[in-house]
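K.L.:
The file below is start.txt, compact mmCIF, C-alpha atoms and all ligand atoms:
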```txt
# COMPACT_ATOMS: atom_id res chain seq x y z
CA MET A 1 -25.10 -62.56 107.97
CA PHE A 2 -23.07 -60.19 110.10
CA ASN A 3 -23.18 -59.04 113.67
CA SER A 4 -24.33 -55.59 114.60
CA ALA A 5 -24.85 -53.45 117.63
CA PHE A 6 -28.62 -53.52 117.28
CA LYS A 7 -30.73 -54.48 120.27
CA CYS A 8 -34.12 -56.18 120.37
CA ARG A 9 -36.81 -53.55 120.98
CA VAL A 10 -38.69 -55.94 123.23
CA CYS A 11 -36.04 -57.54 125.44
CA ASP A 12 -32.78 -55.67 124.68
CA ASN A 13 -31.01 -58.82 123.50
CA ASN A 14 -28.28 -58.36 120.83
CA LEU A 15 -29.51 -58.81 117.26
CA SER A 16 -27.84 -59.87 114.05
CA ILE A 17 -29.19 -58.88 110.67
CA THR A 18 -31.00 -61.61 108.76
CA ILE A 19 -32.25 -59.95 105.56
CA ASP A 20 -30.99 -56.85 103.80
CA PHE A 21 -33.63 -55.41 101.45
CA GLY A 22 -31.47 -52.46 100.39
CA LEU A 23 -32.91 -48.96 100.02
CA MET A 24 -36.70 -48.76 100.36
CA PRO A 25 -39.23 -45.94 100.21
CA ILE A 26 -42.03 -45.60 102.77
CA ALA A 27 -44.67 -48.00 101.49
CA ASN A 28 -47.75 -45.81 101.98
CA ASN A 29 -45.97 -42.70 100.79
CA LEU A 30 -47.51 -42.52 97.32
CA LEU A 31 -46.14 -39.64 95.30
CA GLU A 32 -47.61 -36.84 93.22
CA GLN A 33 -46.52 -37.10 89.57
CA ASN A 34 -44.13 -34.20 89.93
CA TYR A 35 -40.44 -34.13 89.00
CA GLU A 36 -39.34 -32.31 92.18
CA VAL A 37 -41.31 -34.66 94.45
CA VAL A 38 -39.91 -37.73 92.72
CA LYS A 39 -36.33 -36.39 92.79
CA SER A 40 -36.43 -35.83 96.54
CA GLU A 41 -38.11 -39.12 97.40
CA TYR A 42 -37.14 -40.37 100.86
CA LYS A 43 -35.56 -43.82 101.18
CA PHE A 44 -34.18 -45.79 104.10
CA HIS A 45 -31.99 -48.87 104.42
CA MET A 46 -34.34 -51.72 105.28
CA GLN A 47 -32.67 -54.54 107.18
CA THR A 48 -34.45 -57.08 109.35
CA ALA A 49 -33.43 -59.13 112.36
CA VAL A 50 -34.97 -61.67 114.67
CA CYS A 51 -34.34 -61.86 118.40
CA ASN A 52 -32.96 -65.28 119.26
CA LYS A 53 -34.33 -64.92 122.78
CA CYS A 54 -37.95 -63.71 122.39
CA GLY A 55 -38.62 -64.37 118.67
CA CYS A 56 -39.40 -60.76 117.87
CA PHE A 57 -38.95 -60.13 114.14
CA GLN A 58 -38.20 -56.46 113.49
CA ILE A 59 -36.78 -53.88 111.11
CA VAL A 60 -33.61 -52.64 112.74
CA LYS A 61 -33.73 -48.97 111.75
CA VAL A 62 -37.11 -47.39 111.15
CA PRO A 63 -37.86 -43.98 109.55
CA ASP A 64 -39.09 -41.20 111.84
CA LYS A 65 -42.74 -41.83 112.74
CA ASN A 66 -43.80 -38.36 111.57
CA LEU A 67 -42.66 -39.25 108.04
CA MET A 68 -44.94 -42.28 108.04
CA PHE A 69 -48.03 -41.10 109.91
CA ASN A 70 -49.25 -37.62 109.09
CA ASN A 71 -51.97 -35.75 107.26
CA THR A 72 -51.40 -37.57 103.95
CA TYR A 73 -51.82 -41.19 105.05
CA THR A 74 -53.20 -43.17 102.12
CA TYR A 75 -54.56 -46.34 103.73
CA PHE A 76 -58.30 -46.28 104.41
CA ALA A 77 -59.32 -49.64 105.86
CA SER A 78 -63.04 -49.34 105.05
CA GLN A 79 -62.31 -49.74 101.32
CA SER A 80 -62.77 -53.47 101.87
CA LYS A 81 -66.23 -54.90 102.51
CA SER A 82 -64.79 -58.18 103.79
CA MET A 83 -62.63 -56.39 106.37
CA THR A 84 -65.61 -54.26 107.40
CA HIS A 85 -67.59 -57.46 107.97
CA HIS A 86 -64.69 -59.03 109.89
CA PHE A 87 -64.62 -56.07 112.30
CA GLN A 88 -68.39 -55.99 112.65
CA ILE A 89 -68.28 -59.54 114.04
CA LEU A 90 -65.50 -58.53 116.46
CA GLY A 91 -67.44 -55.40 117.51
CA ASP A 92 -70.58 -57.48 118.21
CA SER A 93 -68.60 -59.93 120.32
CA ILE A 94 -66.98 -57.14 122.37
CA MET A 95 -70.32 -55.41 122.96
CA LYS A 96 -71.82 -58.72 124.09
CA ASN A 97 -68.99 -60.03 126.24
CA PHE A 98 -67.11 -57.08 127.67
CA VAL A 99 -69.14 -53.87 127.72
CA LYS A 100 -71.32 -54.35 130.83
CA ASP A 101 -71.22 -51.20 132.93
CA GLU A 102 -72.32 -47.60 132.21
CA SER A 103 -68.71 -46.43 132.59
CA ASP A 104 -67.29 -49.08 130.22
CA TYR A 105 -65.87 -47.75 127.00
CA VAL A 106 -63.73 -49.19 124.23
CA LEU A 107 -60.54 -47.53 123.07
CA ASP A 108 -59.28 -48.31 119.56
CA LEU A 109 -55.58 -47.68 119.02
CA GLY A 110 -55.03 -47.08 115.29
CA SER A 111 -58.69 -46.35 114.64
CA ASN A 112 -57.99 -45.35 111.01
CA ASP A 113 -61.18 -44.37 109.16
CA GLY A 114 -63.40 -45.89 111.87
CA ILE A 115 -63.81 -49.34 110.29
CA PHE A 116 -64.12 -50.91 113.77
CA LEU A 117 -65.63 -48.10 115.88
CA LYS A 118 -68.47 -47.48 113.41
CA ASN A 119 -70.15 -50.49 115.06
CA PHE A 120 -70.06 -48.68 118.41
CA VAL A 121 -71.48 -45.47 116.93
CA ASP A 122 -74.31 -47.48 115.38
CA ASN A 123 -75.08 -49.07 118.77
CA GLU A 124 -74.57 -45.82 120.73
CA ILE A 125 -71.79 -47.32 122.86
CA ASP A 126 -69.09 -45.13 124.35
CA HIS A 127 -65.75 -45.36 122.58
CA LEU A 128 -62.61 -43.43 121.69
CA GLY A 129 -60.38 -43.77 118.65
CA VAL A 130 -56.72 -42.75 118.66
CA ASP A 131 -54.78 -42.47 115.42
CA ALA A 132 -51.55 -40.71 114.47
CA SER A 133 -52.73 -39.64 111.00
CA GLU A 134 -54.92 -36.57 110.99
CA ASN A 135 -56.65 -37.14 107.66
CA VAL A 136 -57.94 -40.58 108.63
CA VAL A 137 -59.05 -39.25 112.04
CA ASN A 138 -61.03 -36.51 110.28
CA ASN A 139 -62.56 -39.09 107.97
CA SER A 140 -63.69 -41.17 110.97
CA LYS A 141 -65.12 -38.08 112.72
CA SER A 142 -67.29 -37.42 109.67
CA LYS A 143 -68.92 -40.81 110.41
CA GLY A 144 -69.76 -39.75 113.98
CA ILE A 145 -66.79 -41.44 115.62
CA ASN A 146 -65.23 -39.92 118.71
CA ALA A 147 -61.53 -39.86 117.81
CA ILE A 148 -58.36 -37.93 118.57
CA CYS A 149 -55.11 -37.55 116.66
CA GLY A 150 -51.90 -38.45 118.47
CA PHE A 151 -49.24 -41.03 119.23
CA PHE A 152 -50.38 -43.44 121.93
CA ASN A 153 -48.12 -43.13 124.99
CA LYS A 154 -48.18 -42.46 128.74
CA ASN A 155 -48.86 -38.72 128.39
CA LEU A 156 -51.75 -39.21 126.02
CA CYS A 157 -53.22 -41.91 128.28
CA GLU A 158 -52.95 -39.66 131.34
CA SER A 159 -54.98 -36.99 129.58
CA ILE A 160 -57.56 -39.57 128.39
CA ILE A 161 -57.97 -40.84 131.97
CA LYS A 162 -58.55 -37.26 133.16
CA SER A 163 -61.30 -36.65 130.65
CA LYS A 164 -62.87 -40.10 130.29
CA GLY A 165 -61.61 -42.45 132.97
CA LYS A 166 -60.05 -45.87 132.34
CA ALA A 167 -60.99 -48.11 129.40
CA LYS A 168 -62.67 -51.51 129.73
CA VAL A 169 -61.30 -52.74 126.42
CA ILE A 170 -58.26 -51.54 124.52
CA ILE A 171 -58.26 -52.88 121.01
CA SER A 172 -55.65 -52.48 118.33
CA THR A 173 -56.00 -54.16 114.97
CA ASN A 174 -53.27 -53.98 112.34
CA THR A 175 -51.53 -51.20 114.24
CA MET A 176 -49.14 -52.53 116.92
CA HIS A 177 -46.75 -53.70 114.22
CA HIS A 178 -46.55 -50.07 113.00
CA ILE A 179 -45.23 -48.70 116.30
CA GLU A 180 -41.47 -48.75 116.79
CA LYS A 181 -41.53 -47.70 120.46
CA CYS A 182 -43.63 -50.61 121.66
CA HIS A 183 -42.75 -50.01 125.32
CA GLU A 184 -44.34 -46.54 125.14
CA VAL A 185 -47.58 -48.23 124.07
CA LEU A 186 -47.42 -50.73 126.92
CA GLU A 187 -46.69 -47.97 129.46
CA GLY A 188 -49.84 -46.24 128.26
CA MET A 189 -51.95 -49.41 128.34
CA ASP A 190 -50.67 -50.17 131.84
CA LEU A 191 -52.17 -46.87 133.03
CA LEU A 192 -55.28 -46.78 130.91
CA LEU A 193 -56.82 -50.25 131.28
CA LYS A 194 -59.33 -50.95 134.05
CA ASP A 195 -58.17 -53.70 136.45
CA ASP A 196 -60.74 -56.12 135.00
CA GLY A 197 -60.19 -54.90 131.43
CA MET A 198 -59.05 -56.73 128.33
CA ILE A 199 -56.53 -55.86 125.61
CA ILE A 200 -57.22 -57.30 122.17
CA ILE A 201 -54.54 -57.12 119.50
CA GLU A 202 -54.70 -58.42 115.95
CA ASP A 203 -52.07 -58.31 113.23
CA PRO A 204 -50.21 -60.48 110.67
CA TYR A 205 -48.76 -63.64 112.23
CA LEU A 206 -45.07 -64.36 111.79
CA PRO A 207 -45.35 -68.15 111.16
CA ASP A 208 -47.86 -67.48 108.33
CA MET A 209 -45.46 -65.03 106.72
CA LEU A 210 -42.69 -67.61 106.92
CA LYS A 211 -44.88 -70.41 105.54
CA LEU A 212 -46.13 -68.39 102.58
CA GLY A 213 -42.87 -66.61 101.81
CA SER A 214 -44.99 -63.44 101.94
CA PHE A 215 -42.12 -61.09 102.71
CA GLU A 216 -44.31 -58.25 101.41
CA GLN A 217 -45.65 -57.79 104.94
CA ILE A 218 -42.31 -56.20 105.81
CA TYR A 219 -42.09 -52.45 105.13
CA ALA A 220 -41.30 -49.24 107.01
CA GLU A 221 -44.70 -49.00 108.64
CA HIS A 222 -44.81 -52.76 109.41
CA ASN A 223 -41.66 -52.63 111.49
CA PHE A 224 -42.53 -55.70 113.56
CA ILE A 225 -44.05 -59.03 112.58
CA TRP A 226 -45.32 -60.38 115.87
CA CYS A 227 -46.02 -63.87 117.20
CA CYS A 228 -47.22 -65.32 120.54
CA SER A 229 -43.74 -65.66 121.94
CA SER A 230 -42.62 -62.06 121.27
CA TYR A 231 -45.93 -60.48 122.36
CA LYS A 232 -45.98 -62.61 125.52
CA THR A 233 -42.49 -61.38 126.43
CA LEU A 234 -43.44 -57.75 125.83
CA PHE A 235 -46.77 -57.80 127.68
CA GLU A 236 -45.49 -59.80 130.67
CA LYS A 237 -43.00 -57.01 131.37
CA TYR A 238 -46.09 -54.95 132.31
CA SER A 239 -47.91 -57.82 134.10
CA PHE A 240 -50.36 -58.46 131.28
CA PHE A 241 -50.85 -62.15 130.49
CA LEU A 242 -51.73 -63.83 127.22
CA ASN A 243 -55.07 -65.56 127.91
CA ASP A 244 -56.17 -66.66 124.46
CA VAL A 245 -55.47 -66.45 120.73
CA GLU A 246 -57.58 -66.88 117.60
CA HIS A 247 -56.18 -67.44 114.15
CA PHE A 248 -57.66 -65.91 110.96
CA SER A 249 -56.74 -66.26 107.31
CA ILE A 250 -57.07 -62.52 106.59
CA HIS A 251 -54.03 -60.54 105.40
CA GLY A 252 -52.33 -63.83 104.52
CA GLY A 253 -52.71 -65.10 108.11
CA SER A 254 -53.42 -63.03 111.22
CA MET A 255 -53.53 -63.73 114.93
CA ARG A 256 -55.84 -62.14 117.48
CA TYR A 257 -54.36 -61.99 121.00
CA TYR A 258 -56.28 -61.46 124.28
CA PHE A 259 -54.33 -60.05 127.26
CA SER A 260 -55.46 -59.19 130.80
CA ARG A 261 -54.20 -59.14 134.41
CA ASN A 262 -55.57 -62.66 134.76
CA LYS A 263 -53.04 -65.51 134.38
CA GLU A 264 -55.44 -68.05 132.78
CA ARG A 265 -54.13 -69.50 129.54
CA SER A 266 -56.11 -71.38 126.89
CA LYS A 267 -54.97 -74.54 125.09
CA SER A 268 -54.73 -72.46 121.89
CA VAL A 269 -51.96 -70.34 123.40
CA ASP A 270 -49.97 -73.49 124.26
CA LYS A 271 -50.62 -74.87 120.78
CA TYR A 272 -49.28 -71.80 118.97
CA LEU A 273 -46.32 -71.36 121.34
CA ALA A 274 -45.36 -74.98 120.57
CA LEU A 275 -45.79 -74.39 116.83
CA GLU A 276 -43.51 -71.36 117.00
CA LYS A 277 -40.86 -73.41 118.78
CA ASN A 278 -41.23 -76.21 116.21
CA ILE A 279 -40.73 -73.97 113.20
CA LYS A 280 -37.89 -72.15 114.99
CA VAL A 281 -39.21 -68.58 114.72
CA ALA A 282 -36.29 -67.32 116.83
CA ASP A 283 -33.48 -68.88 114.74
CA ASP A 284 -31.46 -66.92 112.19
CA LEU A 285 -31.35 -69.95 109.86
CA THR A 286 -35.15 -69.84 109.48
CA TYR A 287 -34.79 -66.38 107.94
CA GLU A 288 -31.99 -67.43 105.60
CA ASN A 289 -34.42 -69.97 104.15
CA PHE A 290 -37.20 -67.38 104.12
CA LYS A 291 -34.96 -65.00 102.19
CA ILE A 292 -34.30 -67.67 99.55
CA LYS A 293 -38.06 -68.30 99.27
CA SER A 294 -38.71 -64.55 98.94
CA GLU A 295 -36.12 -64.16 96.19
CA GLU A 296 -37.72 -67.07 94.35
CA VAL A 297 -41.13 -65.34 94.49
CA CYS A 298 -39.56 -62.16 93.04
CA ASN A 299 -37.65 -63.96 90.30
CA LYS A 300 -40.61 -66.06 89.19
CA LEU A 301 -42.86 -63.01 88.95
CA LYS A 302 -40.26 -60.90 87.16
CA ASN A 303 -39.50 -63.67 84.65
CA PHE A 304 -43.20 -64.14 83.99
CA LEU A 305 -43.69 -60.41 83.41
CA LYS A 306 -40.66 -60.14 81.11
CA GLU A 307 -41.71 -63.12 79.05
CA GLU A 308 -45.33 -62.01 78.59
CA LYS A 309 -44.28 -58.42 77.91
CA SER A 310 -41.92 -59.65 75.17
CA LYS A 311 -44.95 -61.35 73.55
CA GLY A 312 -46.68 -57.95 73.45
CA LYS A 313 -49.12 -58.62 76.30
CA ARG A 314 -50.58 -55.72 78.28
CA ILE A 315 -50.09 -56.04 82.03
CA CYS A 316 -51.51 -54.01 84.92
CA GLY A 317 -51.84 -54.44 88.68
CA TYR A 318 -54.83 -54.33 91.04
CA GLY A 319 -54.51 -52.89 94.57
CA ALA A 320 -51.79 -50.27 95.12
CA THR A 321 -51.05 -51.97 98.41
CA ALA A 322 -48.29 -51.14 100.84
CA LYS A 323 -47.27 -54.80 100.52
CA SER A 324 -46.62 -54.38 96.81
CA SER A 325 -44.13 -51.61 97.59
CA THR A 326 -41.74 -54.13 99.16
CA LEU A 327 -42.20 -56.59 96.31
CA LEU A 328 -41.84 -54.07 93.47
CA ASN A 329 -38.83 -52.32 94.99
CA PHE A 330 -37.05 -55.51 96.08
CA ALA A 331 -37.66 -57.19 92.69
CA LYS A 332 -37.03 -53.94 90.77
CA ILE A 333 -40.30 -54.16 88.83
CA ASP A 334 -41.40 -50.80 87.46
CA GLY A 335 -43.54 -49.16 84.78
CA SER A 336 -41.58 -50.88 81.99
CA LEU A 337 -43.28 -54.15 83.02
CA ILE A 338 -46.52 -52.99 84.66
CA GLU A 339 -48.42 -50.23 82.87
CA CYS A 340 -50.50 -49.05 85.83
CA ILE A 341 -52.16 -50.23 89.06
CA TYR A 342 -55.90 -49.88 89.74
CA ASP A 343 -57.17 -48.95 93.19
CA SER A 344 -60.47 -47.72 94.61
CA THR A 345 -58.98 -45.40 97.29
CA PRO A 346 -59.51 -41.72 96.38
CA ALA A 347 -56.28 -40.74 98.24
CA LYS A 348 -54.25 -43.10 96.00
CA ILE A 349 -55.79 -42.45 92.56
CA GLY A 350 -53.68 -40.16 90.33
CA LYS A 351 -50.49 -40.73 92.34
CA ILE A 352 -47.53 -42.99 91.55
CA THR A 353 -46.15 -45.92 93.55
CA PRO A 354 -43.25 -45.25 95.94
CA GLY A 355 -39.84 -46.04 94.52
CA THR A 356 -41.09 -47.65 91.30
CA HIS A 357 -43.32 -44.78 90.11
CA ILE A 358 -46.09 -46.81 88.48
CA PRO A 359 -49.25 -44.72 87.86
CA ILE A 360 -52.30 -45.52 90.03
CA LYS A 361 -55.66 -45.39 88.29
CA ASP A 362 -59.28 -45.43 89.37
CA ALA A 363 -60.47 -49.04 89.88
CA SER A 364 -63.93 -48.15 88.58
CA LYS A 365 -62.36 -47.85 85.09
CA PHE A 366 -60.61 -51.24 85.23
CA ARG A 367 -63.47 -53.10 83.56
CA PHE A 368 -63.13 -51.06 80.33
CA GLU A 369 -59.45 -51.81 79.70
CA ASN A 370 -59.31 -55.60 79.20
CA PHE A 371 -55.66 -56.03 80.14
CA ASP A 372 -54.23 -59.44 79.21
CA TYR A 373 -52.90 -59.93 82.73
CA THR A 374 -53.71 -58.27 86.06
CA ILE A 375 -51.31 -58.81 88.94
CA LEU A 376 -53.40 -59.13 92.08
CA PHE A 377 -51.34 -57.13 94.56
CA ALA A 378 -54.25 -57.15 97.01
CA TRP A 379 -54.14 -60.98 97.00
CA ASN A 380 -55.46 -60.98 100.56
CA LEU A 381 -58.75 -59.57 99.22
CA LYS A 382 -58.90 -61.92 96.23
CA ASN A 383 -62.46 -63.19 96.66
CA GLU A 384 -63.94 -59.74 97.16
CA ILE A 385 -62.09 -58.14 94.25
CA THR A 386 -62.43 -60.92 91.68
CA ALA A 387 -66.16 -61.36 92.44
CA LYS A 388 -66.73 -57.62 92.08
CA GLU A 389 -64.86 -57.38 88.77
CA LYS A 390 -66.56 -60.50 87.41
CA LYS A 391 -69.90 -58.83 88.09
CA ASN A 392 -68.56 -55.71 86.36
CA GLY A 393 -67.80 -57.81 83.28
CA ALA A 394 -64.02 -57.18 83.38
CA ARG A 395 -62.02 -59.44 81.07
CA THR A 396 -58.48 -60.33 82.09
CA THR A 397 -56.37 -63.12 83.54
CA TRP A 398 -55.68 -62.64 87.24
CA VAL A 399 -52.11 -63.36 88.30
CA GLU A 400 -51.29 -64.40 91.87
CA TYR A 401 -47.65 -64.85 92.79
CA VAL A 402 -47.47 -65.97 96.46
CA PRO A 403 -46.19 -68.62 96.93
CA GLU A 404 -46.33 -69.55 93.19
CA ILE A 405 -47.55 -67.95 89.97
CA LYS A 406 -51.20 -68.88 89.54
CA LEU A 407 -53.36 -67.75 86.62
CA THR A 408 -57.16 -67.52 86.76
CA ASN A 409 -59.49 -66.37 84.01
CA ALA A 410 -61.71 -63.53 85.24
CA ASN A 411 -64.90 -64.98 83.69
P1 LIG B 501 -54.46 -54.03 101.80
O1 LIG B 501 -54.16 -55.33 101.13
O2 LIG B 501 -53.23 -53.42 102.44
O3 LIG B 501 -55.64 -54.10 102.71
O4 LIG B 501 -54.84 -53.00 100.65
C1 LIG B 501 -55.88 -53.25 99.74
C2 LIG B 501 -55.88 -52.20 98.65
O5 LIG B 501 -56.76 -52.62 97.62
C3 LIG B 501 -56.35 -50.82 99.11
O6 LIG B 501 -55.52 -49.83 98.53
C4 LIG B 501 -57.77 -50.71 98.55
C5 LIG B 501 -57.70 -51.58 97.32
N1 LIG B 501 -58.97 -52.18 96.93
C6 LIG B 501 -59.48 -51.92 95.65
O7 LIG B 501 -58.86 -51.19 94.89
N2 LIG B 501 -60.66 -52.49 95.28
C7 LIG B 501 -61.38 -53.30 96.12
O8 LIG B 501 -62.45 -53.79 95.75
C8 LIG B 501 -60.83 -53.57 97.43
C9 LIG B 501 -61.56 -54.47 98.36
C10 LIG B 501 -59.63 -53.00 97.79
ZN ZN B 502 -36.08 -60.00 122.18
```
What does the file become when written as structure tokens?
Ligand code: TMP
Ligand code: ZN

P.N.:
Amino acid sequence: MFNSAFKCRVCDNNLSITIDFGLMPIANNLLEQNYEVVKSEYKFHMQTAVCNKCGCFQIVKVPDKNLMFNNTYTYFASQSKSMTHHFQILGDSIMKNFVKDESDYVLDLGSNDGIFLKNFVDNEIDHLGVDASENVVNNSKSKGINAICGFFNKNLCESIIKSKGKAKVIISTNTMHHIEKCHEVLEGMDLLLKDDGMIIIEDPYLPDMLKLGSFEQIYAEHNFIWCCSSYKTLFEKYSFFLNDVEHFSIHGGSMRYYFSRNKERSKSVDKYLALEKNIKVADDLTYENFKIKSEEVCNKLKNFLKEEKSKGKRICGYGATAKSSTLLNFAKIDGSLIECIYDSTPAKIGKITPGTHIPIKDASKFRFENFDYTILFAWNLKNEITAKEKKNGARTTWVEYVPEIKLTNAN
């Protein structure tokens, strides 16, 4: 550990670096199989820090946002039926509890391919999606969603207010942790939300990441891993108060946060704030232990792959996830150990993984290959994927690796 001049993006406190991951590519930046493209692949030095004051876990230097969010974004959230179902339940609850008045509309920050707003189209409820990646915005528009492409900030919110008025609900799922300039977002929300409105945020929860040793959640786009304490500090600077939280097991453990101008606070908020204090989310030492755990995960997986490969076994992966980019690059696992990775996303198929250059193949062909082992990189979607492939008659042994290696026969 060494001191640095970095400042916490939430509260401006001095930071010291806790984990150095070395050079990393942008996790969703899958490459064309082309020598020139591969040769000029962009990498950045990924180092993380935690703020000892507010508990905000962050990457200290983040690539330019235009390199990460553009017209070639490869993550399409609606690929997962279980996530679609998860957001349908949330959509129903918002329609029932918050959308009351003719002028009430819901704004989705990071609307992606419309996984959440589709529910509002289906129920003819006014909405607006905002996303920084043009190709996913276009995909959502083709489903009837009202969406615009842009970075969410004060200027954008001023123009939304002019054309549409203020929003009753601002929702942002799995997006806030992608946005380096978090104060710009809050400045926008401060303008855009109706006085009696609600902000709902959901993303991976820091204590879950620490518990699991699932360091894969950390990559260029995921430049924060938030918790109650850090979000509370950020939002209170703009007089938004944390009213309630709900915990979910998705994405290895996620938290949903409810903020408004109202100061009421549920018992759940107190419970999770106490938990965060107990497990010392704001202490550097916590991350030294986390780093050791993360290295163990990498070493165990790499040793397993080397051993099975030496016995002549065929090994592939399933889910060319952004998470797996951190794992593969940090552990230095490449095509010599994993032949290919299967994925159902059209924008990913035919490309190669960032940094490690493993070919990505069409998941609909997986069932015909009968690999000895399949590393489940989309371990967060285990039930959905393994059930689907069982039905397809795929024969393999699934390999999970967080927190331990676990083998399961596909049949
Ligand atoms: P995520 O873990 O970041 O949500 O990414 C999941 C990846 O897994 C995404 O690239 C889509 C892919 N996927 C499949 O290939 N087949 C499936 O059945 C599902 C649900 C996801
Ligand atoms: Zn801080």

K.L.:
Which one of A:Ile26, A:Met68, A:Ile17, A:Ala49 sits closest to Ser324 of chain A if you count all atoms listed in the file?

P.N.:
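Using all atoms listed in the file, Ser324 of chain A sits closest to A:Ile26.
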
K.L.:
May I have the protein, DNA and RNA residues with any atom at most 12 Å from the point (-53.3, -62.6, 96.9), counting all atoms listed in the file, written as a PyMOL selection string?

P.N.:
chain A and resi 212+214+216+249-253+317-319+321+323-324+374-386+398-408

K.L.:
Please write the residues from the selection above to a file, keeping C-alpha atoms, as a PDB file, in the coordinates of the input.

P.N.:
```pdb
ATOM      1  CA  LEU A 212     -46.130 -68.390 102.580  1.00  0.00           C
ATOM      2  CA  SER A 214     -44.990 -63.440 101.940  1.00  0.00           C
ATOM      3  CA  GLU A 216     -44.310 -58.250 101.410  1.00  0.00           C
ATOM      4  CA  SER A 249     -56.740 -66.260 107.310  1.00  0.00           C
ATOM      5  CA  ILE A 250     -57.070 -62.520 106.590  1.00  0.00           C
ATOM      6  CA  HIS A 251     -54.030 -60.540 105.400  1.00  0.00           C
ATOM      7  CA  GLY A 252     -52.330 -63.830 104.520  1.00  0.00           C
ATOM      8  CA  GLY A 253     -52.710 -65.100 108.110  1.00  0.00           C
ATOM      9  CA  GLY A 317     -51.840 -54.440  88.680  1.00  0.00           C
ATOM     10  CA  TYR A 318     -54.830 -54.330  91.040  1.00  0.00           C
ATOM     11  CA  GLY A 319     -54.510 -52.890  94.570  1.00  0.00           C
ATOM     12  CA  THR A 321     -51.050 -51.970  98.410  1.00  0.00           C
ATOM     13  CA  LYS A 323     -47.270 -54.800 100.520  1.00  0.00           C
ATOM     14  CA  SER A 324     -46.620 -54.380  96.810  1.00  0.00           C
ATOM     15  CA  THR A 374     -53.710 -58.270  86.060  1.00  0.00           C
ATOM     16  CA  ILE A 375     -51.310 -58.810  88.940  1.00  0.00           C
ATOM     17  CA  LEU A 376     -53.400 -59.130  92.080  1.00  0.00           C
ATOM     18  CA  PHE A 377     -51.340 -57.130  94.560  1.00  0.00           C
ATOM     19  CA  ALA A 378     -54.250 -57.150  97.010  1.00  0.00           C
ATOM     20  CA  TRP A 379     -54.140 -60.980  97.000  1.00  0.00           C
ATOM     21  CA  ASN A 380     -55.460 -60.980 100.560  1.00  0.00           C
ATOM     22  CA  LEU A 381     -58.750 -59.570  99.220  1.00  0.00           C
ATOM     23  CA  LYS A 382     -58.900 -61.920  96.230  1.00  0.00           C
ATOM     24  CA  ASN A 383     -62.460 -63.190  96.660  1.00  0.00           C
ATOM     25  CA  GLU A 384     -63.940 -59.740  97.160  1.00  0.00           C
ATOM     26  CA  ILE A 385     -62.090 -58.140  94.250  1.00  0.00           C
ATOM     27  CA  THR A 386     -62.430 -60.920  91.680  1.00  0.00           C
ATOM     28  CA  TRP A 398     -55.680 -62.640  87.240  1.00  0.00           C
ATOM     29  CA  VAL A 399     -52.110 -63.360  88.300  1.00  0.00           C
ATOM     30  CA  GLU A 400     -51.290 -64.400  91.870  1.00  0.00           C
ATOM     31  CA  TYR A 401     -47.650 -64.850  92.790  1.00  0.00           C
ATOM     32  CA  VAL A 402     -47.470 -65.970  96.460  1.00  0.00           C
ATOM     33  CA  PRO A 403     -46.190 -68.620  96.930  1.00  0.00           C
ATOM     34  CA  GLU A 404     -46.330 -69.550  93.190  1.00  0.00           C
ATOM     35  CA  ILE A 405     -47.550 -67.950  89.970  1.00  0.00           C
ATOM     36  CA  LYS A 406     -51.200 -68.880  89.540  1.00  0.00           C
ATOM     37  CA  LEU A 407     -53.360 -67.750  86.620  1.00  0.00           C
ATOM     38  CA  THR A 408     -57.160 -67.520  86.760  1.00  0.00           C
TER      39      THR A 408
END
```

K.L.:
Quick one: residues within 9 Å of Leu186 of chain A, all atoms listed in the file, excluding same-chain residues fewer than 3 positions away - as number ranges by chain?

P.N.:
A: 153-154, 182-183, 189-191, 234-235, 237-238

K.L.:
Could you check the closest approach to Cys157 of chain A for each of A:Glu180, A:Leu107, A:Asn329, A:Asn174 and tell me which residue wins, using only C-alpha atoms?

P.N.:
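Closest residue, counting only C-alpha atoms: A:Leu107.
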
K.L.:
With distances taken over only C-alpha atoms and all ligand atoms, which residue among A:Asn370, A:Ser133, A:Asn34, A:Gln217 lies nearest ligand LIG 501 (chain B)?

P.N.:
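Comparing A:Asn370, A:Ser133, A:Asn34, A:Gln217 against ligand LIG 501 (chain B), the winner is A:Gln217.
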
K.L.:
Restricting the calculation to all atoms listed in the file, which member of A:Gln88, A:Ser78, A:Gln33, A:Gln58 is positioned closest to ligand LIG 501 (chain B)?

P.N.:
A:Ser78

K.L.:
Kindly give the distance, in Å, that separates atom CA of Ile170 of chain A and atom CA of Leu109 of chain A, rounded to a single decimal.

P.N.:
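If I compute the distance from atom CA of Ile170 of chain A to atom CA of Leu109 of chain A, I get 7.2 Å.
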
K.L.:
Nearest to ligand ZN 502 (chain B) among A:Val281, A:Val10, A:Val245, A:Ile292, with distances taken over only C-alpha atoms and all ligand atoms: which residue is it?

P.N.:
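So, comparing all the options, the nearest one is A:Val10.
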
K.L.:
Name the closest residue to ligand LIG 501 (chain B) among the candidates A:Glu288, A:Asp244, A:Asp203, A:Asp12; distances are taken between atoms, counting all atoms listed in the file.

P.N.:
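Looking at the shortest contact to ligand LIG 501 (chain B), the residue is A:Asp203.
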
K.L.:
Kindly provide, as JSON, the centre and edge lengths (Å, one decimal) of an axis-aligned box around all atoms of ligand LIG 501 (chain B) given in the file, with 3 Å on each side.

P.N.:
```
{"center_x": -57.8, "center_y": -52.6, "center_z": 98.8, "size_x": 15.2, "size_y": 11.5, "size_z": 13.8}
```

K.L.:
For Ile352 of chain A, list every protein, DNA or RNA residue within 8 Å, evaluated using all atoms listed in the file, and leave out those in the same chain fewer than 2 positions away; present the list as a ChimeraX atom specification.

P.N.:
/A:30-33,350,354,356-360
